[in-house]
>>> print(open('run.cif').read())   # mmCIF, C-alpha atoms
data_start
#
loop_
_atom_site.label_atom_id
_atom_site.label_comp_id
_atom_site.auth_asym_id
_atom_site.auth_seq_id
_atom_site.Cartn_x
_atom_site.Cartn_y
_atom_site.Cartn_z
CA MET S 1 58.00 -24.04 37.75
CA ALA S 2 57.59 -20.87 35.71
CA LYS S 3 54.93 -22.64 33.76
CA ALA S 4 53.02 -23.40 36.93
CA TRP S 5 53.11 -19.75 37.99
CA LEU S 6 51.87 -18.79 34.58
CA VAL S 7 48.89 -21.11 34.98
CA VAL S 8 48.15 -19.72 38.44
CA GLY S 9 48.40 -16.19 37.07
CA ALA S 10 46.08 -16.99 34.20
CA LEU S 11 43.56 -18.53 36.59
CA LEU S 12 43.70 -15.48 38.84
CA LEU S 13 43.16 -13.23 35.85
CA ALA S 14 40.23 -15.34 34.75
CA ALA S 15 38.76 -15.15 38.23
CA LEU S 16 39.18 -11.39 38.22
CA ALA S 17 37.50 -11.13 34.85
CA CYS S 18 34.55 -13.19 36.07
CA ALA S 19 34.27 -11.20 39.27
CA LYS S 20 34.12 -8.00 37.30
CA GLU S 21 31.34 -9.24 35.07
CA ALA S 22 29.16 -10.37 37.95
CA ALA S 23 29.85 -7.23 39.96
CA PRO S 24 26.30 -5.81 40.32
CA ALA S 25 24.94 -9.01 41.83
CA ALA S 26 28.03 -9.96 43.83
CA ASP S 27 28.49 -6.48 45.24
CA ASP S 28 26.39 -7.27 48.26
CA PRO S 29 24.66 -10.64 48.22
CA ALA S 30 22.53 -9.77 51.24
CA LEU S 31 21.24 -6.63 49.54
CA GLU S 32 20.62 -8.55 46.34
CA ALA S 33 18.64 -11.21 48.19
CA ARG S 34 16.58 -8.54 49.92
CA MET S 35 15.97 -6.77 46.62
CA LEU S 36 14.74 -10.02 45.07
CA ARG S 37 12.48 -10.68 48.05
CA VAL S 38 10.84 -7.27 47.66
CA ALA S 39 10.68 -7.63 43.87
CA ALA S 40 8.93 -11.00 44.23
CA GLU S 41 6.04 -9.16 45.91
CA LEU S 42 5.63 -6.84 42.93
CA ARG S 43 3.92 -7.51 39.65
CA CYS S 44 5.69 -6.75 36.41
CA LEU S 45 3.44 -4.37 34.51
CA VAL S 46 4.66 -5.43 31.10
CA CYS S 47 4.26 -9.19 31.48
CA GLN S 48 1.61 -9.21 34.11
CA ASN S 49 1.82 -12.79 35.27
CA GLN S 50 5.44 -12.46 36.29
CA THR S 51 6.94 -10.79 39.31
CA ILE S 52 9.46 -8.02 38.92
CA ALA S 53 12.02 -10.45 40.33
CA ASP S 54 11.37 -12.97 37.52
CA SER S 55 10.78 -10.74 34.54
CA HIS S 56 13.32 -9.93 31.88
CA ALA S 57 11.32 -6.96 30.61
CA GLY S 58 13.26 -3.72 30.39
CA LEU S 59 10.95 -2.01 32.86
CA ALA S 60 11.39 -4.82 35.39
CA GLU S 61 15.17 -4.46 35.14
CA ASP S 62 14.85 -0.72 35.73
CA LEU S 63 12.56 -1.27 38.70
CA ARG S 64 14.98 -3.81 40.18
CA ARG S 65 17.70 -1.21 39.82
CA ASP S 66 15.47 1.30 41.61
CA ILE S 67 14.70 -1.14 44.42
CA ARG S 68 18.38 -1.98 44.80
CA GLU S 69 19.33 1.70 45.03
CA GLN S 70 16.62 2.50 47.53
CA LEU S 71 17.49 -0.41 49.79
CA ALA S 72 21.16 0.58 49.60
CA ARG S 73 20.14 4.07 50.72
CA GLY S 74 18.50 2.52 53.76
CA ALA S 75 14.83 2.39 52.76
CA THR S 76 12.65 -0.22 54.46
CA ASP S 77 10.83 -2.86 52.43
CA GLU S 78 7.56 -1.07 53.14
CA GLN S 79 8.93 2.22 51.85
CA VAL S 80 9.96 0.56 48.60
CA VAL S 81 6.54 -1.03 48.14
CA GLN S 82 4.92 2.33 48.90
CA TYR S 83 7.18 4.01 46.33
CA MET S 84 6.00 1.54 43.70
CA THR S 85 2.36 1.82 44.73
CA ASP S 86 2.54 5.62 44.48
CA ARG S 87 3.54 5.26 40.84
CA TYR S 88 1.71 2.19 39.61
CA GLY S 89 -1.17 1.78 42.06
CA ASP S 90 -2.27 -1.27 44.05
CA PHE S 91 -2.12 -3.19 40.81
CA ILE S 92 1.63 -3.64 41.19
CA ARG S 93 1.20 -5.53 44.46
CA TYR S 94 0.55 -9.23 44.41
CA ARG S 95 -1.04 -8.77 47.83
CA PRO S 96 -3.13 -5.62 47.48
CA PRO S 97 -4.45 -4.07 50.70
CA LEU S 98 -8.04 -4.80 51.72
CA ARG S 99 -10.26 -1.89 50.75
CA GLY S 100 -13.53 -1.23 48.96
CA SER S 101 -12.24 -1.94 45.47
CA THR S 102 -10.40 -5.11 46.50
CA ALA S 103 -12.97 -6.50 48.96
CA LEU S 104 -14.42 -8.88 46.36
CA LEU S 105 -10.93 -10.12 45.57
CA TRP S 106 -10.15 -10.91 49.20
CA LEU S 107 -13.57 -12.07 50.39
CA GLY S 108 -14.95 -13.58 47.17
CA PRO S 109 -13.37 -17.04 47.53
CA GLY S 110 -14.51 -17.34 51.15
CA VAL S 111 -18.05 -16.24 50.25
CA LEU S 112 -18.14 -18.75 47.38
CA LEU S 113 -16.91 -21.51 49.68
CA VAL S 114 -19.56 -20.73 52.31
CA VAL S 115 -22.32 -20.57 49.68
CA GLY S 116 -21.13 -23.83 48.11
CA LEU S 117 -21.03 -25.61 51.48
CA ALA S 118 -24.47 -24.27 52.41
CA VAL S 119 -25.96 -25.52 49.14
CA LEU S 120 -24.26 -28.88 49.60
CA VAL S 121 -25.60 -29.27 53.16
CA LEU S 122 -29.12 -28.25 52.07
CA VAL S 123 -29.16 -30.69 49.17
CA LEU S 124 -27.75 -33.57 51.20
CA ARG S 125 -30.21 -33.02 54.05
CA ARG S 126 -33.12 -32.88 51.65
CA ARG S 127 -31.99 -36.04 49.90
CA SER S 128 -31.52 -37.90 53.17
CA ARG S 129 -35.18 -37.27 54.01
CA LEU S 130 -36.45 -38.65 50.69
CA GLN S 131 -37.87 -42.17 50.41
CA PRO S 132 -35.65 -44.68 48.60
CA ASP S 133 -38.23 -45.10 45.83
CA ARG S 134 -37.77 -41.43 44.89
CA PHE S 135 -34.32 -42.27 43.55
CA GLU S 136 -33.67 -43.81 40.18
CA PRO S 137 -32.22 -47.27 40.62
CA ASP S 138 -28.50 -47.50 39.93
CA GLU S 139 -27.54 -49.22 36.72
CA GLY S 140 -26.98 -52.85 37.53
CA ASP S 141 -29.21 -52.88 40.61
CA ASP S 142 -31.78 -55.00 38.75
CA LEU S 143 -29.12 -57.30 37.32
CA GLY S 144 -28.37 -58.90 40.63
CA ASP S 145 -25.42 -58.35 42.94
CA PRO S 146 -22.95 -56.00 41.17
CA VAL S 147 -20.09 -57.26 43.33
CA ALA S 148 -20.45 -60.77 41.99
CA ARG S 149 -20.03 -59.55 38.42
CA PRO S 150 -16.58 -59.56 36.86
CA MET L 151 -41.28 -22.12 46.91
CA LYS L 152 -41.86 -23.99 43.69
CA SER L 153 -41.26 -20.90 41.54
CA LEU L 154 -38.09 -20.11 43.48
CA ARG L 155 -36.54 -23.29 42.11
CA PHE L 156 -36.58 -21.78 38.65
CA ILE L 157 -35.61 -18.30 39.71
CA ILE L 158 -32.44 -19.33 41.59
CA PRO L 159 -30.61 -20.80 38.56
CA LEU L 160 -31.78 -17.85 36.49
CA ALA L 161 -30.43 -15.40 39.08
CA VAL L 162 -27.12 -17.28 39.28
CA PHE L 163 -26.93 -17.23 35.49
CA VAL L 164 -27.61 -13.51 35.31
CA VAL L 165 -24.94 -12.76 37.92
CA LEU L 166 -22.46 -14.97 36.07
CA VAL L 167 -23.22 -13.28 32.75
CA GLY L 168 -22.81 -9.93 34.47
CA PHE L 169 -19.34 -10.85 35.71
CA LEU L 170 -18.32 -12.33 32.36
CA ALA L 171 -19.55 -9.26 30.47
CA LEU L 172 -17.60 -7.03 32.84
CA GLY L 173 -14.52 -9.23 32.42
CA LEU L 174 -14.76 -9.15 28.65
CA ASN L 175 -14.97 -5.37 28.58
CA LEU L 176 -12.11 -4.74 30.98
CA ASP L 177 -8.66 -4.62 29.46
CA PRO L 178 -6.36 -6.57 31.78
CA LYS L 179 -3.37 -4.78 30.25
CA LEU L 180 -4.73 -1.44 31.41
CA VAL L 181 -3.35 -0.36 34.75
CA PRO L 182 -5.33 2.48 36.33
CA SER L 183 -2.91 5.25 37.23
CA PRO L 184 -2.89 6.46 40.82
CA LEU L 185 -1.47 9.74 39.53
CA ILE L 186 -4.72 11.09 38.08
CA ASN L 187 -5.64 14.31 39.91
CA LYS L 188 -2.26 14.31 41.64
CA PRO L 189 0.55 16.80 41.05
CA ALA L 190 2.74 15.80 38.13
CA PRO L 191 6.02 14.23 39.30
CA SER L 192 8.88 16.67 39.05
CA PHE L 193 11.66 16.23 36.55
CA ALA L 194 14.67 18.07 35.19
CA LEU L 195 15.71 16.62 31.86
CA PRO L 196 18.01 17.58 29.01
CA ARG L 197 16.33 18.62 25.78
CA LEU L 198 16.59 16.25 22.87
CA ASP L 199 17.60 19.03 20.48
CA ASP L 200 20.17 20.51 22.84
CA ALA L 201 21.42 18.40 25.72
CA ALA L 202 23.00 21.45 27.34
CA LYS L 203 19.54 22.90 28.03
CA THR L 204 17.47 21.49 30.86
CA MET L 205 13.75 21.67 31.27
CA ARG L 206 11.90 21.23 34.56
CA ARG L 207 8.32 20.46 35.42
CA ASP L 208 7.88 23.89 36.95
CA ASP L 209 8.88 25.60 33.71
CA LEU L 210 5.51 24.44 32.41
CA LEU L 211 3.35 25.75 35.26
CA GLY L 212 0.68 28.23 34.26
CA LYS L 213 -0.52 26.54 31.12
CA ALA L 214 -2.18 23.26 30.29
CA TRP L 215 0.11 20.92 28.42
CA VAL L 216 0.37 17.43 27.02
CA LEU L 217 3.09 14.91 27.77
CA ASN L 218 3.53 12.25 25.14
CA VAL L 219 5.91 9.40 25.95
CA TRP L 220 7.57 8.06 22.82
CA ALA L 221 10.64 6.27 21.53
CA SER L 222 12.07 5.58 18.12
CA TRP L 223 12.20 1.85 18.93
CA CYS L 224 8.50 1.75 19.67
CA GLY L 225 6.29 0.49 16.86
CA PRO L 226 2.92 1.73 18.19
CA CYS L 227 4.46 5.23 18.51
CA ARG L 228 4.83 5.24 14.75
CA ASP L 229 1.14 4.28 14.45
CA GLU L 230 -0.04 7.08 16.71
CA HIS L 231 2.29 9.70 15.26
CA PRO L 232 -0.23 11.15 12.77
CA GLN L 233 -2.59 11.77 15.71
CA VAL L 234 0.10 13.63 17.64
CA LEU L 235 0.86 15.68 14.53
CA ALA L 236 -2.84 16.47 14.14
CA LEU L 237 -3.10 17.50 17.79
CA ALA L 238 -0.10 19.77 17.35
CA ARG L 239 -1.65 21.40 14.26
CA GLY L 240 -4.69 22.28 16.38
CA ASN L 241 -2.46 24.41 18.62
CA TYR L 242 -4.45 23.61 21.72
CA ALA L 243 -1.49 23.30 24.07
CA PRO L 244 2.23 22.67 24.10
CA ILE L 245 3.05 19.02 23.52
CA VAL L 246 6.11 17.87 25.40
CA GLY L 247 7.68 14.67 24.15
CA LEU L 248 9.26 12.38 26.71
CA ASN L 249 11.81 10.46 24.68
CA TYR L 250 11.87 7.29 26.75
CA LYS L 251 15.05 5.16 26.90
CA ASP L 252 16.15 6.08 23.43
CA GLN L 253 19.35 6.88 21.59
CA ARG L 254 19.63 10.58 20.85
CA ASP L 255 20.54 10.11 17.19
CA ASP L 256 17.82 7.53 16.58
CA ALA L 257 15.24 9.80 18.17
CA ARG L 258 16.28 12.82 16.11
CA GLY L 259 16.29 10.81 12.90
CA TRP L 260 12.81 9.50 13.72
CA LEU L 261 11.44 13.02 14.15
CA GLN L 262 13.13 14.18 10.97
CA GLN L 263 11.60 11.34 9.04
CA LEU L 264 8.07 11.44 10.47
CA GLY L 265 7.69 15.10 11.43
CA ASP L 266 8.14 16.74 14.83
CA PRO L 267 4.87 17.60 16.61
CA TYR L 268 6.59 18.41 19.88
CA THR L 269 7.08 21.85 21.32
CA VAL L 270 10.08 20.27 22.94
CA SER L 271 11.29 16.71 23.48
CA LEU L 272 13.14 15.68 26.62
CA SER L 273 15.57 12.80 26.91
CA ASP L 274 14.73 10.30 29.61
CA SER L 275 17.63 8.07 28.68
CA ASP L 276 17.62 5.86 31.78
CA GLY L 277 13.82 5.77 32.15
CA ARG L 278 13.76 7.21 35.67
CA THR L 279 11.34 10.01 34.87
CA GLY L 280 9.17 7.42 33.13
CA ILE L 281 9.05 5.39 36.34
CA ASP L 282 8.14 8.49 38.36
CA TRP L 283 5.24 9.04 35.98
CA GLY L 284 4.17 5.40 36.23
CA VAL L 285 4.97 4.70 32.60
CA TYR L 286 4.90 0.97 31.85
CA GLY L 287 4.59 0.92 28.09
CA VAL L 288 5.18 3.34 25.29
CA PRO L 289 3.33 5.30 23.99
CA GLU L 290 1.50 6.96 26.85
CA THR L 291 -0.10 10.38 26.91
CA PHE L 292 -0.88 12.67 29.84
CA VAL L 293 -2.77 15.95 30.07
CA ILE L 294 -1.56 18.33 32.80
CA ASP L 295 -3.46 21.43 33.89
CA LYS L 296 -2.22 24.94 34.70
CA GLN L 297 -1.58 24.03 38.32
CA GLY L 298 0.59 21.11 37.30
CA VAL L 299 -1.98 18.44 38.16
CA ILE L 300 -2.35 15.37 35.94
CA ARG L 301 -5.91 15.31 34.65
CA PHE L 302 -5.92 12.53 32.09
CA LYS L 303 -3.84 9.59 31.01
CA HIS L 304 -4.07 7.42 27.95
CA VAL L 305 -2.08 4.21 27.67
CA GLY L 306 -1.23 2.92 24.20
CA PRO L 307 -1.37 4.62 20.82
CA LEU L 308 -3.62 7.65 20.53
CA THR L 309 -6.56 7.26 18.22
CA ALA L 310 -8.50 10.00 16.44
CA ALA L 311 -11.43 9.19 18.75
CA VAL L 312 -9.41 9.65 21.96
CA VAL L 313 -7.90 12.89 20.68
CA GLN L 314 -11.22 14.34 19.54
CA THR L 315 -13.50 13.16 22.34
CA ARG L 316 -11.19 13.28 25.35
CA ILE L 317 -8.02 15.30 24.88
CA VAL L 318 -9.17 18.26 22.78
CA PRO L 319 -12.30 18.97 24.89
CA LEU L 320 -10.25 18.66 28.09
CA LEU L 321 -7.59 21.07 26.80
CA LYS L 322 -10.27 23.56 25.75
CA GLU L 323 -11.82 23.29 29.21
CA LEU L 324 -8.45 23.71 30.96
CA ASN L 325 -7.50 26.68 28.84
CA GLY L 326 -10.95 28.26 29.09
#
>>> encode(input="run.cif", output="structure tokens")
Amino acid sequence: MAKAWLVVGALLLAALACAKEAAPAADDPALEARMLRVAAELRCLVCQNQTIADSHAGLAEDLRRDIREQLARGATDEQVVQYMTDRYGDFIRYRPPLRGSTALLWLGPGVLLVVGLAVLVLVLRRRSRLQPDRFEPDEGDDLGDPVARP
Amino acid sequence: MKSLRFIIPLAVFVVLVGFLALGLNLDPKLVPSPLINKPAPSFALPRLDDAAKTMRRDDLLGKAWVLNVWASWCGPCRDEHPQVLALARGNYAPIVGLNYKDQRDDARGWLQQLGDPYTVSLSDSDGRTGIDWGVYGVPETFVIDKQGVIRFKHVGPLTAAVVQTRIVPLLKELNG
């Protein structure tokens, strides 16, 4: 019986030890989740293709600490993003606001799509008006029915 | 209409080359600082040589000064160090070192070994002042004017060219 209690005690101790180690994350899971959600919107400036939530860079860890502290103090998500933008500029945001310097970024893909579609429509309409003899014959056309060939 | 057929691809090509040339000449690692022409973020930090003494941003009002962010663990800082020493020899302005996330003893040893160009170095041991200043890599160098407004920022190791063509003329202008 004493042995069993010893085992239980050891397990409890082990659990305590684990809990202590994981303290910063387990302190408040809701806060941690919110911190990660905000950090996922922010670009790590050291390894620029990672978010601050993903990055293991020292600066990203510091910024996560900052975000965590600010949220704990009652800051809104927007206030945290503004805090970061004040220091690092729009660059830190994966979704920068629409303004003069970012207009090309936001509108460029749409403009390219429209231009591409317009060119496609123009070319197709022009081709549909051409006589068949203006086209080069397909390879195999003069070799009989292509479907019949193996 | 006929001539347009040749001009369109040419125009597209020129635009494309323009974008590519721009892309090649931009450094994607360079983050433009929103702090240029804004008041320097405040700080109150212990001095590296004497932790009991604190220095604040406002202690430096009234003169142009340079903030150089450095750390003993930072390789490029070692590369730029001769430039900082040269700038200090010119006596253009006080150079404040922001010792970023460093161990006090390591930092002191580093200065002893390589020479100390700093009027004073401040310990930013947890990197919070660095974040306030938008520091994302060491070394970084700022020039602050008499009113405490950031006028210039250089990211990465200082070169003789940056010191001579940008920093020294700016300090002369600010002090003039």
>>> closest_atom_pairs(input="run.cif", of="chain S", to="chain L", cutoff="6 Å", atoms="only C-alpha atoms", output="tab-separated table")
residue	atom	partner	partner_atom	distance
S:Arg87	CA	L:Gly284	CA	4.7
S:Tyr88	CA	L:Gly284	CA	5.3
S:Gly89	CA	L:Pro184	CA	5.1
>>> resolve_selection(input="run.cif", expression="the PyMOL selection byres ((chain S and resi 41) around 7)", output="ChimeraX atom specification")
/S:37-40,42-43,51,93-94
>>> resolve_selection(input="run.cif", expression="the PyMOL selection byres ((chain L and resi 187) around 7)", output="list in words")
Leu185, Ile186, Lys188, Pro189, Val299, Ile300 and Arg301 of chain L
>>> residues_around(input="run.cif", residues="range 261-274 of chain L", least_positions_apart="6", cutoff="7 Å", atoms="only C-alpha atoms", output="PyMOL selection string")
chain L and resi 195-198+234-235+238+244-251
>>> atom_distance(input="run.cif", atom1="CA of Asp252 in chain L", atom2="CA of Gly212 in chain L")
29.1 Å
>>> atom_distance(input="run.cif", atom1="CA of Thr309 in chain L", atom2="CA of Arg228 in chain L")
12.1 Å
>>> residues_around(input="run.cif", residues="range 289-295 of chain L", least_positions_apart="4", cutoff="6 Å", atoms="only C-alpha atoms", output="PyMOL selection string")
chain L and resi 214-220+227+299-307
>>> decode(input="run.cif", residues="range 65-104 of chain S", atoms="N, CA and C atoms", output="PDB file, in the first residue's frame")
ATOM      1  N   ARG S  65       6.097  38.188 -26.412  1.00  0.00           N
ATOM      2  CA  ARG S  65       6.030  38.569 -25.003  1.00  0.00           C
ATOM      3  C   ARG S  65       5.313  39.915 -24.857  1.00  0.00           C
ATOM      4  N   ASP S  66       5.685  40.864 -25.741  1.00  0.00           N
ATOM      5  CA  ASP S  66       5.058  42.182 -25.708  1.00  0.00           C
ATOM      6  C   ASP S  66       3.553  42.092 -25.967  1.00  0.00           C
ATOM      7  N   ILE S  67       3.185  41.305 -26.974  1.00  0.00           N
ATOM      8  CA  ILE S  67       1.765  41.162 -27.319  1.00  0.00           C
ATOM      9  C   ILE S  67       1.012  40.563 -26.133  1.00  0.00           C
ATOM     10  N   ARG S  68       1.610  39.520 -25.552  1.00  0.00           N
ATOM     11  CA  ARG S  68       0.983  38.838 -24.416  1.00  0.00           C
ATOM     12  C   ARG S  68       0.748  39.832 -23.284  1.00  0.00           C
ATOM     13  N   GLU S  69       1.761  40.632 -22.985  1.00  0.00           N
ATOM     14  CA  GLU S  69       1.634  41.587 -21.874  1.00  0.00           C
ATOM     15  C   GLU S  69       0.574  42.634 -22.161  1.00  0.00           C
ATOM     16  N   GLN S  70       0.549  43.098 -23.410  1.00  0.00           N
ATOM     17  CA  GLN S  70      -0.424  44.146 -23.730  1.00  0.00           C
ATOM     18  C   GLN S  70      -1.843  43.623 -23.665  1.00  0.00           C
ATOM     19  N   LEU S  71      -2.047  42.407 -24.191  1.00  0.00           N
ATOM     20  CA  LEU S  71      -3.395  41.829 -24.140  1.00  0.00           C
ATOM     21  C   LEU S  71      -3.812  41.609 -22.692  1.00  0.00           C
ATOM     22  N   ALA S  72      -2.857  41.161 -21.866  1.00  0.00           N
ATOM     23  CA  ALA S  72      -3.169  40.928 -20.460  1.00  0.00           C
ATOM     24  C   ALA S  72      -3.561  42.231 -19.773  1.00  0.00           C
ATOM     25  N   ARG S  73      -2.985  43.344 -20.262  1.00  0.00           N
ATOM     26  CA  ARG S  73      -3.310  44.648 -19.678  1.00  0.00           C
ATOM     27  C   ARG S  73      -4.624  45.193 -20.215  1.00  0.00           C
ATOM     28  N   GLY S  74      -5.234  44.444 -21.156  1.00  0.00           N
ATOM     29  CA  GLY S  74      -6.549  44.846 -21.634  1.00  0.00           C
ATOM     30  C   GLY S  74      -6.553  45.574 -22.965  1.00  0.00           C
ATOM     31  N   ALA S  75      -5.438  45.529 -23.700  1.00  0.00           N
ATOM     32  CA  ALA S  75      -5.409  46.179 -25.004  1.00  0.00           C
ATOM     33  C   ALA S  75      -6.259  45.385 -25.996  1.00  0.00           C
ATOM     34  N   THR S  76      -6.851  46.093 -26.966  1.00  0.00           N
ATOM     35  CA  THR S  76      -7.584  45.390 -28.022  1.00  0.00           C
ATOM     36  C   THR S  76      -6.585  44.915 -29.075  1.00  0.00           C
ATOM     37  N   ASP S  77      -7.034  43.975 -29.915  1.00  0.00           N
ATOM     38  CA  ASP S  77      -6.180  43.472 -30.988  1.00  0.00           C
ATOM     39  C   ASP S  77      -5.682  44.623 -31.859  1.00  0.00           C
ATOM     40  N   GLU S  78      -6.598  45.568 -32.142  1.00  0.00           N
ATOM     41  CA  GLU S  78      -6.232  46.684 -33.010  1.00  0.00           C
ATOM     42  C   GLU S  78      -5.149  47.540 -32.376  1.00  0.00           C
ATOM     43  N   GLN S  79      -5.249  47.724 -31.056  1.00  0.00           N
ATOM     44  CA  GLN S  79      -4.234  48.534 -30.373  1.00  0.00           C
ATOM     45  C   GLN S  79      -2.870  47.877 -30.460  1.00  0.00           C
ATOM     46  N   VAL S  80      -2.850  46.550 -30.361  1.00  0.00           N
ATOM     47  CA  VAL S  80      -1.573  45.838 -30.442  1.00  0.00           C
ATOM     48  C   VAL S  80      -0.976  45.987 -31.842  1.00  0.00           C
ATOM     49  N   VAL S  81      -1.827  45.813 -32.858  1.00  0.00           N
ATOM     50  CA  VAL S  81      -1.335  45.945 -34.237  1.00  0.00           C
ATOM     51  C   VAL S  81      -0.830  47.371 -34.469  1.00  0.00           C
ATOM     52  N   GLN S  82      -1.558  48.358 -33.908  1.00  0.00           N
ATOM     53  CA  GLN S  82      -1.136  49.745 -34.066  1.00  0.00           C
ATOM     54  C   GLN S  82       0.213  49.986 -33.378  1.00  0.00           C
ATOM     55  N   TYR S  83       0.382  49.392 -32.220  1.00  0.00           N
ATOM     56  CA  TYR S  83       1.642  49.494 -31.468  1.00  0.00           C
ATOM     57  C   TYR S  83       2.806  48.990 -32.325  1.00  0.00           C
ATOM     58  N   MET S  84       2.582  47.852 -32.983  1.00  0.00           N
ATOM     59  CA  MET S  84       3.632  47.281 -33.828  1.00  0.00           C
ATOM     60  C   MET S  84       3.874  48.140 -35.064  1.00  0.00           C
ATOM     61  N   THR S  85       2.782  48.642 -35.655  1.00  0.00           N
ATOM     62  CA  THR S  85       2.917  49.457 -36.860  1.00  0.00           C
ATOM     63  C   THR S  85       3.651  50.761 -36.551  1.00  0.00           C
ATOM     64  N   ASP S  86       3.413  51.317 -35.354  1.00  0.00           N
ATOM     65  CA  ASP S  86       4.103  52.547 -34.958  1.00  0.00           C
ATOM     66  C   ASP S  86       5.609  52.341 -34.944  1.00  0.00           C
ATOM     67  N   ARG S  87       6.034  51.128 -34.622  1.00  0.00           N
ATOM     68  CA  ARG S  87       7.472  50.874 -34.489  1.00  0.00           C
ATOM     69  C   ARG S  87       8.095  50.346 -35.775  1.00  0.00           C
ATOM     70  N   TYR S  88       7.379  49.492 -36.467  1.00  0.00           N
ATOM     71  CA  TYR S  88       7.989  48.801 -37.606  1.00  0.00           C
ATOM     72  C   TYR S  88       7.336  49.153 -38.943  1.00  0.00           C
ATOM     73  N   GLY S  89       6.298  49.979 -38.923  1.00  0.00           N
ATOM     74  CA  GLY S  89       5.682  50.392 -40.174  1.00  0.00           C
ATOM     75  C   GLY S  89       4.690  49.364 -40.698  1.00  0.00           C
ATOM     76  N   ASP S  90       4.048  49.702 -41.814  1.00  0.00           N
ATOM     77  CA  ASP S  90       3.058  48.800 -42.417  1.00  0.00           C
ATOM     78  C   ASP S  90       3.665  47.464 -42.794  1.00  0.00           C
ATOM     79  N   PHE S  91       4.992  47.487 -42.968  1.00  0.00           N
ATOM     80  CA  PHE S  91       5.697  46.286 -43.389  1.00  0.00           C
ATOM     81  C   PHE S  91       5.397  45.103 -42.482  1.00  0.00           C
ATOM     82  N   ILE S  92       5.164  45.362 -41.214  1.00  0.00           N
ATOM     83  CA  ILE S  92       5.000  44.268 -40.256  1.00  0.00           C
ATOM     84  C   ILE S  92       3.642  43.596 -40.423  1.00  0.00           C
ATOM     85  N   ARG S  93       2.733  44.244 -41.142  1.00  0.00           N
ATOM     86  CA  ARG S  93       1.387  43.673 -41.279  1.00  0.00           C
ATOM     87  C   ARG S  93       1.304  42.828 -42.540  1.00  0.00           C
ATOM     88  N   TYR S  94       0.754  41.637 -42.386  1.00  0.00           N
ATOM     89  CA  TYR S  94       0.543  40.803 -43.567  1.00  0.00           C
ATOM     90  C   TYR S  94      -0.607  41.351 -44.407  1.00  0.00           C
ATOM     91  N   ARG S  95      -1.473  42.137 -43.784  1.00  0.00           N
ATOM     92  CA  ARG S  95      -2.553  42.783 -44.528  1.00  0.00           C
ATOM     93  C   ARG S  95      -2.429  44.290 -44.356  1.00  0.00           C
ATOM     94  N   PRO S  96      -1.507  44.908 -45.120  1.00  0.00           N
ATOM     95  CA  PRO S  96      -1.307  46.350 -44.955  1.00  0.00           C
ATOM     96  C   PRO S  96      -2.542  47.113 -45.408  1.00  0.00           C
ATOM     97  N   PRO S  97      -2.784  48.291 -44.808  1.00  0.00           N
ATOM     98  CA  PRO S  97      -3.955  49.078 -45.187  1.00  0.00           C
ATOM     99  C   PRO S  97      -3.800  49.598 -46.619  1.00  0.00           C
ATOM    100  N   LEU S  98      -4.928  49.837 -47.265  1.00  0.00           N
ATOM    101  CA  LEU S  98      -4.920  50.368 -48.630  1.00  0.00           C
ATOM    102  C   LEU S  98      -4.604  51.858 -48.592  1.00  0.00           C
ATOM    103  N   ARG S  99      -3.485  52.217 -49.190  1.00  0.00           N
ATOM    104  CA  ARG S  99      -3.119  53.633 -49.322  1.00  0.00           C
ATOM    105  C   ARG S  99      -2.239  53.767 -50.545  1.00  0.00           C
ATOM    106  N   GLY S 100      -1.791  54.995 -50.805  1.00  0.00           N
ATOM    107  CA  GLY S 100      -1.041  55.254 -52.033  1.00  0.00           C
ATOM    108  C   GLY S 100       0.069  54.261 -52.287  1.00  0.00           C
ATOM    109  N   SER S 101       0.890  54.011 -51.259  1.00  0.00           N
ATOM    110  CA  SER S 101       2.076  53.189 -51.458  1.00  0.00           C
ATOM    111  C   SER S 101       1.737  51.709 -51.568  1.00  0.00           C
ATOM    112  N   THR S 102       0.521  51.313 -51.159  1.00  0.00           N
ATOM    113  CA  THR S 102       0.182  49.894 -51.218  1.00  0.00           C
ATOM    114  C   THR S 102      -0.908  49.619 -52.256  1.00  0.00           C
ATOM    115  N   ALA S 103      -1.298  50.669 -53.006  1.00  0.00           N
ATOM    116  CA  ALA S 103      -2.398  50.512 -53.966  1.00  0.00           C
ATOM    117  C   ALA S 103      -2.056  49.442 -55.000  1.00  0.00           C
ATOM    118  N   LEU S 104      -0.816  49.471 -55.500  1.00  0.00           N
ATOM    119  CA  LEU S 104      -0.407  48.510 -56.526  1.00  0.00           C
ATOM    120  C   LEU S 104      -0.495  47.093 -55.980  1.00  0.00           C
TER     121      LEU S 104
END
